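Peer 1: What follows is the file structure.txt, containing compact mmCIF, C-alpha atoms:
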```
# COMPACT_ATOMS: atom_id res chain seq x y z
CA MET H 1 38.99 -24.54 48.15
CA PRO H 2 41.91 -22.17 47.46
CA VAL H 3 43.53 -20.58 50.51
CA ILE H 4 45.59 -17.38 50.50
CA SER H 5 47.83 -17.95 53.50
CA TYR H 6 49.96 -15.55 55.52
CA ASP H 7 52.03 -16.98 58.36
CA MET H 8 53.21 -14.01 60.45
CA PRO H 9 52.73 -11.30 57.80
CA ASP H 10 54.63 -8.02 57.97
CA ARG H 11 51.26 -6.29 58.39
CA PHE H 12 47.64 -7.32 58.99
CA VAL H 13 45.12 -4.50 59.43
CA ALA H 14 41.57 -3.37 58.85
CA GLY H 15 41.25 -0.13 56.88
CA THR H 16 38.96 1.95 54.75
CA VAL H 17 38.85 3.74 51.44
CA GLY H 18 36.57 6.78 51.06
CA GLN H 19 34.91 9.36 53.25
CA PRO H 20 32.69 8.59 56.28
CA GLY H 21 29.28 7.55 55.07
CA GLN H 22 30.77 6.20 51.85
CA ARG H 23 33.69 4.16 53.17
CA ALA H 24 34.57 0.72 51.89
CA PHE H 25 36.08 -1.55 54.56
CA TYR H 26 38.95 -3.97 53.95
CA LEU H 27 41.16 -6.49 55.68
CA GLN H 28 44.66 -6.29 54.29
CA ALA H 29 47.63 -8.61 54.76
CA ARG H 30 51.13 -7.86 53.49
CA GLU H 31 54.27 -9.94 53.38
CA GLY H 32 57.11 -8.32 51.46
CA ALA H 33 55.70 -7.13 48.12
CA ARG H 34 52.71 -9.51 48.30
CA VAL H 35 49.50 -7.76 49.40
CA THR H 36 45.99 -9.20 49.72
CA SER H 37 42.93 -7.01 50.33
CA VAL H 38 39.46 -8.41 50.96
CA ALA H 39 36.29 -6.33 51.26
CA LEU H 40 33.86 -6.68 54.13
CA GLU H 41 31.13 -4.78 55.94
CA LYS H 42 31.69 -2.32 58.77
CA PHE H 43 29.78 -4.51 61.23
CA GLN H 44 32.06 -7.46 60.34
CA VAL H 45 35.14 -5.39 61.19
CA GLY H 46 33.60 -4.43 64.54
CA LEU H 47 32.58 -8.00 65.38
CA LEU H 48 35.99 -9.37 64.40
CA ALA H 49 37.72 -6.87 66.69
CA GLU H 50 35.36 -7.56 69.60
CA ARG H 51 35.70 -11.34 69.25
CA LEU H 52 39.48 -11.08 69.01
CA GLU H 53 39.53 -9.14 72.29
CA GLU H 54 37.23 -11.71 73.93
CA LEU H 55 39.31 -14.64 72.67
CA LEU H 56 42.57 -13.10 73.89
CA ASP H 57 41.06 -12.25 77.29
CA GLU H 58 39.73 -15.81 77.64
CA VAL H 59 43.09 -17.38 76.72
CA LEU H 60 44.79 -15.11 79.25
CA ARG H 61 42.22 -16.01 81.92
CA LEU H 62 42.31 -19.77 81.29
CA SER H 63 46.11 -19.86 81.27
CA GLY H 64 46.27 -18.04 84.59
CA GLY H 65 48.46 -15.44 82.94
CA SER H 66 51.04 -17.94 81.66
CA ALA H 67 50.14 -17.55 77.96
CA HIS H 68 52.07 -14.92 76.02
CA VAL H 69 48.99 -12.72 75.64
CA PRO H 70 49.36 -9.02 76.43
CA ALA H 71 46.46 -7.36 78.27
CA ILE H 72 46.86 -4.26 76.08
CA THR H 73 48.54 -3.43 72.77
CA PRO H 74 52.32 -3.36 73.28
CA GLU H 75 54.19 -0.18 72.41
CA GLY H 76 55.61 -0.23 68.90
CA LEU H 77 52.73 -2.27 67.44
CA HIS H 78 50.29 0.61 66.96
CA ASP H 79 49.61 1.05 63.23
CA ASP H 80 47.69 4.14 62.09
CA SER H 81 49.04 4.16 58.53
CA PRO H 82 46.65 3.98 55.59
CA LEU H 83 46.13 0.78 53.64
CA ASP H 84 48.86 -0.17 51.18
CA GLN H 85 48.02 1.15 47.72
CA PRO H 86 46.62 0.24 45.33
CA VAL H 87 43.78 -1.52 47.16
CA GLU H 88 42.68 -4.31 44.82
CA GLU H 89 39.81 -6.40 46.16
CA GLU H 90 40.45 -10.16 45.96
CA PHE H 91 36.93 -11.05 47.08
CA ARG H 92 34.07 -10.00 49.39
CA VAL H 93 34.04 -11.70 52.80
CA GLY H 94 31.00 -13.77 53.68
CA SER H 95 32.17 -15.37 56.92
CA LEU H 96 34.91 -14.91 59.48
CA SER H 97 36.37 -17.38 61.94
CA LEU H 98 38.92 -17.22 64.74
CA ALA H 99 41.02 -19.85 66.42
CA TRP H 100 43.75 -20.01 69.05
CA ASP H 101 46.63 -22.38 68.32
CA PRO H 102 48.04 -23.30 71.76
CA GLU H 103 51.18 -24.90 70.29
CA THR H 104 52.33 -21.74 68.48
CA GLU H 105 50.41 -19.32 70.75
CA ARG H 106 49.01 -17.60 67.69
CA ILE H 107 45.64 -16.39 66.55
CA ILE H 108 44.36 -17.69 63.22
CA VAL H 109 41.91 -15.44 61.38
CA GLU H 110 40.04 -16.84 58.39
CA ALA H 111 37.96 -14.73 56.03
CA ALA H 112 35.97 -16.82 53.56
CA GLU H 113 34.53 -15.56 50.31
CA ALA H 114 30.82 -14.75 50.33
CA GLU H 115 28.51 -17.35 48.84
CA ASP H 116 27.01 -16.81 45.44
CA ALA H 117 23.79 -14.94 46.30
CA GLU H 118 22.18 -15.76 42.94
CA ALA H 119 22.75 -19.48 43.24
CA GLY H 120 21.84 -19.47 46.93
CA GLU H 121 24.63 -21.88 47.84
CA VAL H 122 28.24 -21.80 48.89
CA ASP H 123 30.68 -22.01 46.02
CA PRO H 124 33.02 -24.93 46.80
CA SER H 125 35.80 -23.15 44.94
CA GLY H 126 35.41 -20.03 47.13
CA VAL H 127 38.62 -18.45 48.34
CA THR H 128 39.71 -18.10 51.98
CA LEU H 129 42.23 -15.67 53.41
CA ARG H 130 44.02 -17.31 56.37
CA VAL H 131 46.30 -15.19 58.56
CA SER H 132 48.32 -16.40 61.54
CA ILE H 133 49.45 -13.65 63.96
CA THR H 134 50.79 -13.37 67.50
CA ALA H 135 48.52 -12.37 70.36
CA ALA H 136 50.29 -9.01 70.53
CA HIS H 137 49.58 -8.35 66.85
CA ALA H 138 45.98 -9.45 67.38
CA ARG H 139 45.62 -6.85 70.19
CA ALA H 140 47.01 -4.19 67.84
CA PHE H 141 44.65 -5.29 65.05
CA ALA H 142 41.61 -5.15 67.36
CA GLU H 143 42.54 -1.73 68.75
CA ARG H 144 42.91 -0.24 65.28
CA ALA H 145 39.72 -1.90 64.00
CA LEU H 146 37.63 -0.60 66.91
CA LYS H 147 38.93 2.95 66.34
CA LEU H 148 38.16 2.61 62.64
CA VAL H 149 34.56 1.57 63.27
CA ALA H 150 34.06 4.36 65.83
CA ALA H 151 35.46 6.99 63.45
CA GLY H 152 32.36 7.04 61.27
CA ARG H 153 29.70 9.71 61.02
CA PRO H 154 28.41 11.13 64.31
CA PRO H 155 25.05 9.75 65.45
CA CYS H 156 21.86 11.81 65.58
CA PRO H 157 21.22 12.64 69.26
CA LEU H 158 17.52 11.80 68.82
CA CYS H 159 17.45 8.54 66.87
CA GLY H 160 21.07 7.35 66.80
CA LEU H 161 21.21 7.02 63.01
CA PRO H 162 24.34 8.45 61.33
CA LEU H 163 24.27 12.12 60.39
CA ASP H 164 25.47 13.28 56.99
CA ALA H 165 26.96 16.75 56.59
CA THR H 166 23.62 17.76 55.09
CA GLY H 167 21.64 16.18 57.97
CA HIS H 168 19.21 13.27 57.67
CA VAL H 169 15.53 12.49 57.77
CA CYS H 170 15.07 11.67 61.44
CA PRO H 171 12.29 9.20 62.27
CA ARG H 172 11.98 10.81 65.74
CA GLN H 173 11.22 14.14 64.01
CA ASN H 174 8.35 12.59 62.02
CA GLY H 175 10.39 12.63 58.82
CA HIS H 176 11.58 16.23 59.05
CA LEU H 177 15.12 16.98 57.94
CA ARG H 178 17.48 17.35 60.90
CA THR H 179 20.71 19.25 60.32
CA ILE H 180 23.91 19.21 62.33
```
Give the structure from the file, written as structure tokens.

Peer 2:
Amino acid sequence: MPVISYDMPDRFVAGTVGQPGQRAFYLQAREGARVTSVALEKFQVGLLAERLEELLDEVLRLSGGSAHVPAITPEGLHDDSPLDQPVEEEFRVGSLSLAWDPETERIIVEAAEAEDAEAGEVDPSGVTLRVSITAAHARAFAERALKLVAAGRPPCPLCGLPLDATGHVCPRQNGHLRTI
């Protein structure tokens, strides 16, 4: 199975292309002029960020504070810049995994290509993006990703579904159009 590997990339972020309600979500790694972008779903970005935070907190707790894991994103690591252009999708992510390497004190993020839905089985030649980053960079990644997920369309106060600029058909209003 081919692996696209980044060991301490210059940049590893989650980002979007498009307007809220029509955004495409990506993970993007960059090292020098080499850039890899993989597409994934909004919920995957949110889960990845949440699990990263949980993993870092657990490592910090289990080490009694001796691991080099910051409790919050260190100054200077905040990244609010857009994705590097052009965004060219390598593959669509099917599964994500996280690991803590205690020897290097780094987080390893793996994003594996989605299985072939038509064949109904995992393609053994599927591609995996593997990124190794410090705990500080993982905190910065998670912070940005959580903001990104929260920056979507505002929810309907009645049903919680996302509102478009033109409103939406609210199930709590018996199918009547609700406008902002």

Peer 1: Hey, what's within 8 Å of Pro20 in chain H if we count all atoms listed in the file and toss same-chain stuff fewer than 6 positions away? As a list in words, please?

Peer 2: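 So, after excluding close chain neighbours, the residues are Ala151, Gly152 and Arg153 of chain H.
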
Peer 1: Can I get the residues of range 40-119 of chain H within 12 Å of range 5-17 of chain H, each with the closest pair of atoms and their distance in Å to one decimal, using all atoms listed in the file, sorted chain first then ascending number, as a Markdown table?

Peer 2:
```
| residue | atom | partner | partner_atom | distance |
| --- | --- | --- | --- | --- |
| H:Leu40 | CA | H:Ala14 | CA | 9.6 |
| H:Glu41 | CA | H:Thr16 | CA | 10.4 |
| H:Lys42 | CA | H:Thr16 | CA | 9.3 |
| H:Gln44 | CA | H:Ala14 | CA | 10.5 |
| H:Val45 | CA | H:Ala14 | CA | 7.1 |
| H:Gly46 | CA | H:Ala14 | CA | 9.8 |
| H:Leu48 | CA | H:Ala14 | CA | 9.9 |
| H:Ala49 | CA | H:Ala14 | CA | 9.4 |
| H:Leu77 | CA | H:Arg11 | CA | 10.0 |
| H:His78 | CA | H:Val13 | CA | 10.5 |
| H:Asp79 | CA | H:Val13 | CA | 8.1 |
| H:Asp80 | CA | H:Gly15 | CA | 9.3 |
| H:Ser81 | CA | H:Gly15 | CA | 9.0 |
| H:Pro82 | CA | H:Gly15 | CA | 6.9 |
| H:Leu83 | CA | H:Gly15 | CA | 5.9 |
| H:Asp84 | CA | H:Gly15 | CA | 9.5 |
| H:Gln85 | CA | H:Val17 | CA | 10.2 |
| H:Pro86 | CA | H:Val17 | CA | 10.5 |
| H:Val87 | CA | H:Val17 | CA | 8.4 |
| H:Glu88 | CA | H:Val17 | CA | 11.1 |
| H:Glu89 | CA | H:Val17 | CA | 11.5 |
| H:Thr104 | CA | H:Met8 | CA | 11.2 |
| H:Glu105 | CA | H:Met8 | CA | 11.9 |
| H:Arg106 | CA | H:Met8 | CA | 9.1 |
| H:Ile107 | CA | H:Met8 | CA | 10.0 |
| H:Ile108 | CA | H:Asp7 | CA | 9.1 |
| H:Val109 | CA | H:Tyr6 | CA | 10.0 |
| H:Glu110 | CA | H:Ser5 | CA | 9.3 |
| H:Ala111 | CA | H:Ser5 | CA | 10.7 |
| H:Ala112 | CA | H:Ser5 | CA | 11.9 |
```

Peer 1: Looking at H:Gly126, H:Pro157, H:Pro162, H:Pro74, which one is nearest to Glu143 in chain H, with distances taken over all atoms listed in the file?

Peer 2: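 Checking each candidate against Glu143 in chain H, we get H:Pro74 as the closest.
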
Peer 1: Would you work out the distance separating CA of Arg92 in chain H from CA of Leu27 in chain H, expressed in Å to one decimal?

Peer 2: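 Interatomic distance, CA of Arg92 in chain H to CA of Leu27 in chain H: 10.1 Å.
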
Peer 1: As an exercise, work out the distance from CA of Leu98 in chain H to CA of Ala150 in chain H in Å and give it to one decimal place.

Peer 2: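 Result for CA of Leu98 in chain H versus CA of Ala150 in chain H: 22.1 Å, one decimal.
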
Peer 1: Give me the residues near Glu75 in chain H as a PyMOL selection string, where near means some atom within 12 Å (using all atoms listed in the file) and where sequence neighbours in that chain fewer than 2 positions away do not count.

Peer 2: chain H and resi 70+72-73+77-79+136-137+139-140

Peer 1: State, in Å with one decimal place, the distance from CA of Val149 in chain H to CA of Gln28 in chain H.

Peer 2: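 So the two atoms, CA of Val149 in chain H and CA of Gln28 in chain H, lie 15.6 Å apart.
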
Peer 1: Choose the residue, out of H:Cys156, H:Pro171, H:Leu148, H:Ile133, that has the smallest atom-to-atom separation from Arg23 in chain H; count all atoms listed in the file.

Peer 2: H:Leu148

Peer 1: When distances are computed from only C-alpha atoms, which of H:Leu129, H:Ala138, H:Cys159, H:Val169 shows the smallest separation from Arg30 in chain H?

Peer 2: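 Answer, going by the shortest atom-to-atom distance: H:Leu129.
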
Peer 1: In the coordinate frame of the file, compute which residues have an atom within 6 Å of (38.9, -3.7, 51.3) when using only C-alpha atoms, and state them as number ranges by chain.

Peer 2: H: 25-27, 37-39, 89

Peer 1: Please return the centre and edge lengths, in Å to one decimal, of a box with edges along x, y and z that contains all listed atoms of range 55-67 of chain H, widened by 8 Å on every side, as lines of an AutoDock Vina configuration file.

Peer 2:
```
center_x = 45.2
center_y = -16.1
center_z = 78.6
size_x = 27.7
size_y = 23.6
size_z = 27.9
```

Peer 1: May I ask which of the residues H:Val127, H:Ala135, H:Glu53, H:Ala29 is the closest one to Asp101 in chain H, counting only C-alpha atoms?

Peer 2: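 Looking only at the distances to Asp101 in chain H, the closest residue turns out to be H:Ala135.
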
Peer 1: Between H:Thr128, H:Leu158, H:Leu146, H:Leu56, which residue has the minimum interatomic distance to His68 in chain H, considering all atoms listed in the file?

Peer 2: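 For His68 in chain H, the nearest of the given residues is H:Leu56.
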
Peer 1: I'd like to know which of H:Glu31, H:Arg144, H:Pro155, H:Arg172 is closest to Glu50 in chain H, using only C-alpha atoms.

Peer 2: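 Closest residue, counting only C-alpha atoms: H:Arg144.
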